[in-house]
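Okay, so here's the structure we're looking at.
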Amino acid sequence: MFKDFGLPPTAESTRVKVEARLKELRESSGVAETLTIEWRGAPTHIEVIDMPLADLFYNPSTHRIRAQRDLDPSRDAALVRDPWSAGSQDYLGYLLTLRPAEPGHRDPAFDDLKEHLDEHKQIEPGLITRDGILVNGNTRCAALRELNPVASIRVGVLPPSCTWDDINDVELSLQLRFDKRRDYSYINRLLAIEEQHVTLHRDLSVIAKAFHTDIKSCERDLWILAQLKDLIKRSASDGGPALRLMDLEGAQERLIELHRAYRDEHGKNKERADALKESRLSAIVLGFSKTDVRYIDPDFQKKYLDKDLADDLKPAVPESPTRAIPGLGRNVRAEGAEVVAARAVTNRLLGAKAVEVAGDRTTPAEQAAAAAVIETYRTAFNSAIDSAGRDFRLRKKRLAAPDRINDACKDLKLSITDVVMSRGSASLDQGAFDDALEELRTVLGTLAFEAQRTIEFPGKGLDWLIAAVDSNRPQL
């Protein structure tokens with residue numbers, strides 16, 4: 001959540017040094033370097049100076065590593081208490097070097113950045129407040145410190161009136177530009193959108209513009225984050241370990257498809273939509289691919305999973321579940337048995353998964369028991385998904401659009417072979433080949449146009465096609 005972290009203990013001396021260097025810059029006869037940023041709704045040019053790395057502090061509020069801070073709860077708690085201490089700053093620097101989807105591993109992208117800085121030096125300036133807080137360039141600062149702790153970094157300097165609200169806004173505006181080099185991780189992007197909407201009470205239309213997306217996508221992202229937070233809450237039992245947001249970092253495409261499937265089913269039947277959501281969430285936690293998860297429908301547990309699930313892992317579900325209305329002393333029909341059963345499976349799996357990711361914070365016996373539960377569920381889900389997939393393929397009685405595209409891909413692969421084989425005999429009719437490619441471009445343009453009209457939330461494939469044909473209308 002958004003928080004005012006106050007000022008570093010060296011803020012006063014840093015301001016003096018920054019003002020002195022700005023004065024020297026203005027009095028010099030050379031052409032001063034400037035940086036253009038979005039400042040309180042308007043483009044603003046700010047001056048760029050050199051600052052020693054030792055005088056600067058990582059931004060404890062940076063969205064880049066918001067979710068990863070949960071990697072070590074004790075160090076994160078210390079960071080909240082005193083973000084400017086050496087330990088807290090070391091923790092932030094360490095997190096900046098890690099891979100978002102695998103927070104226990106160093107990020108190859110960070111090492112690439114470090115190598116680039118070592119070979120080509122710094123190209124783009126960072127950004128600081130006059131108090132020495134890095135608003136942009138935290139990762140570059142971490143890389144430069146590994147290369148040479150006593151070196152300096154080129155930074156633009158924000159106006160003296162800068163507040164933590166400004167720091168938050170400027171960081172987002174810079175990191176979300178189309179020319180950014182390193183994206184926020186998926187979970188950190190979701191957290192940033194939630195912060196803007198829930199904490200700062202900004203309208204979704206404003207947020208969508210800042211994040212270069214649309215209102216429906218922002219609503220989808222908020223829904224997904226709410227589901228993830230609910231999973232984390234349900235994974236903790238009796239004060240034991242819980243999953244963390246970063247444990248679900250790699251599930252972006254599966255979660256987006258879950259939202260689409262849930263929304264479509266919810267329009268017809270809410271209980272079936274909830275049953276579908278629970279079963280798909282279980283499969284996502286188990287790490288099944290998006291192509292496998294697609295086979296899970298609202299009847300998945302009843303039709304497939306129950307047949308493969310061991311009796312001791314089958315939830316006990318009341319025949320007619322009810323819930324009481326507080327203060328009225330009356331019971332009403334609660335969720336259907338299918339939803340209750342699916343949620344019970346998800347809850348047990350979440351508890352085991354939380355123990356697994358906790359590692360040495362749990363006992364070997366707890367780890368072994370959790371691993372056995374997870375493996376049993378994984379085996380059952382694998383068999384059930386296989387059965388559901390076979391039934392799905394049997395139900396298909398005619399080619400759908402994806403199948404036709406797959407067939408076209410096979411033909412194009414054969415065309416590649418033909419082109420290669422024609423080199424030796426010079427048998428390729430180049431004019432006819434070029435005419436065929438023109439026809440392909442026309443067809444792809446029309447396909448991109450119609451797909452945009454049909455698909456509300458484009459995936460990576462359609463995004464590629466739209467960019468490839470660069471077309472907003474059919475080429476007829």
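Following the order of the structure tokens, first chain is A, next is B, and so on, with residues numbered from 1 inside each chain and ligands from 1 in the order they appear.
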- [ ] Pick out the residues sitting within 8 Å of segment 254-260 of chain A, and hand them over as a ChimeraX atom specification; count only C-alpha atoms, and ignore anything fewer than 5 positions along from it in its own chain.
- [x] /A:220,223-224,277,280,284,289-290,293
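With only C-alpha atoms taken into account, the protein and nucleic acid residues at most 10 Å from Leu7 of chain A (excluding it and anything under 6 positions from it in its own chain) are Phe57, Pro83, Trp84, Asp131, Gly132, Ile133 and Trp164 of chain A.
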Open item on the list: Ranking A:Leu98, A:Ala384, A:Ala468, A:Leu231 by minimum distance to Leu248 of chain A and counting only C-alpha atoms, which one comes first?
Closed with: A:Leu231
Task: Arg15 of chain A environment, 6 Å, only C-alpha atoms, sequence neighbours closer than 3 positions dropped, as JSON, numbers by chain - done: {"A": [12, 18, 130, 131]}
Open item on the list: as a ChimeraX atom specification, please: the residues near Leu204 of chain A (cut-off 10 Å, only C-alpha atoms, same-chain neighbours under 6 positions excluded).
Closed with: /A:193,196-197,210,214-219
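All residues of protein, DNA or RNA that reach within 9 Å of Ala261 of chain A, judged by only C-alpha atoms and not counting those fewer than 6 positions away in the chain, are Ala273, Leu276, Lys277, Arg294 and Asp297 of chain A.
Counting only C-alpha atoms, the residue from A:Asp386, A:Asp470, A:Glu375, A:Asp360 that sits nearest to Leu305 of chain A is A:Asp386.
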Open item on the list: With DSSP run on the backbone, what are the alpha helix (DSSP H) residues within segment 31-203 of chain A? I'd like them as number ranges by chain.
Closed with: A: 73-81, 86-95, 108-120, 138-147, 164-175, 186-194
Based on the selection just made, write C-alpha atoms of those residues as a short mmCIF file (atom, residue, chain, number, x, y, z; two decimals), in the first residue's frame.
```
data_model
loop_
_atom_site.label_atom_id
_atom_site.label_comp_id
_atom_site.auth_asym_id
_atom_site.auth_seq_id
_atom_site.Cartn_x
_atom_site.Cartn_y
_atom_site.Cartn_z
CA PRO A 73 8.89 -10.97 6.32
CA SER A 74 11.26 -10.02 9.15
CA ARG A 75 13.42 -7.86 6.88
CA ASP A 76 10.32 -6.33 5.31
CA ALA A 77 8.97 -5.44 8.75
CA ALA A 78 12.32 -3.80 9.57
CA LEU A 79 12.11 -1.90 6.29
CA VAL A 80 8.67 -0.53 7.19
CA ARG A 81 10.00 0.59 10.59
CA ALA A 86 21.72 0.04 6.13
CA GLY A 87 19.90 -3.28 6.56
CA SER A 88 16.74 -2.05 4.88
CA GLN A 89 18.64 -0.48 2.00
CA ASP A 90 20.67 -3.68 1.55
CA TYR A 91 17.41 -5.66 1.43
CA LEU A 92 15.99 -3.38 -1.28
CA GLY A 93 19.21 -3.64 -3.26
CA TYR A 94 19.13 -7.43 -2.97
CA LEU A 95 15.51 -7.63 -4.19
CA PRO A 108 19.62 -12.66 -15.79
CA ALA A 109 18.13 -9.34 -16.94
CA PHE A 110 19.89 -7.63 -14.05
CA ASP A 111 23.22 -9.15 -15.07
CA ASP A 112 22.59 -8.05 -18.66
CA LEU A 113 21.99 -4.50 -17.41
CA LYS A 114 25.15 -4.65 -15.34
CA GLU A 115 27.17 -5.85 -18.33
CA HIS A 116 25.67 -3.12 -20.53
CA LEU A 117 26.57 -0.43 -17.98
CA ASP A 118 30.09 -1.78 -17.70
CA GLU A 119 30.59 -1.72 -21.48
CA HIS A 120 28.62 1.34 -22.57
CA ASN A 138 16.91 2.04 -8.61
CA THR A 139 17.98 -1.04 -10.57
CA ARG A 140 20.70 0.89 -12.41
CA CYS A 141 21.99 2.15 -9.08
CA ALA A 142 22.15 -1.42 -7.73
CA ALA A 143 24.08 -2.54 -10.82
CA LEU A 144 26.48 0.41 -10.64
CA ARG A 145 27.15 -0.28 -6.97
CA GLU A 146 28.16 -3.83 -7.80
CA LEU A 147 30.49 -2.51 -10.50
CA TRP A 164 5.57 11.21 -1.76
CA ASP A 165 2.45 11.56 -3.91
CA ASP A 166 4.67 13.09 -6.61
CA ILE A 167 7.26 10.33 -6.20
CA ASN A 168 4.54 7.73 -6.72
CA ASP A 169 3.09 9.46 -9.79
CA VAL A 170 6.42 10.23 -11.46
CA GLU A 171 7.73 6.70 -10.99
CA LEU A 172 4.62 5.22 -12.59
CA SER A 173 4.65 7.67 -15.51
CA LEU A 174 8.30 6.84 -16.27
CA GLN A 175 8.09 3.09 -15.82
CA TYR A 186 2.87 -8.89 -13.46
CA ILE A 187 2.01 -8.92 -9.76
CA ASN A 188 3.68 -5.56 -9.12
CA ARG A 189 1.66 -4.07 -11.97
CA LEU A 190 -1.55 -5.37 -10.38
CA LEU A 191 -0.52 -3.87 -7.04
CA ALA A 192 0.23 -0.54 -8.68
CA ILE A 193 -3.22 -0.44 -10.29
CA GLU A 194 -4.88 -1.33 -6.98
#
```
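When DSSP is run on the backbone, the residues of segment 162-406 of chain A that fall into strand (DSSP E or B) are Thr322, Arg323, Ala324, Ile325, Arg330, Asn331, Val332 and Arg333 of chain A.
Distances from A:Ile37, A:Leu200, A:Ala67, A:Ile405 to Pro159 of chain A were compared using only C-alpha atoms, and the smallest one belongs to A:Ile37.
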Task: All residues 12 Å or closer to Val345 of chain A, only C-alpha atoms, same chain fewer than 6 positions away omitted, as a ChimeraX atom specification - done: /A:234-235,275,278-283,285-286,301,305-306,309-310,312-317,338-339,351-352,373-374,376-378,380-381
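With only C-alpha atoms as the atoms that count, the residue of A:Thr62, A:Thr362, A:Glu253, A:Leu56 with the shortest distance to Gly459 of chain A is A:Glu253.
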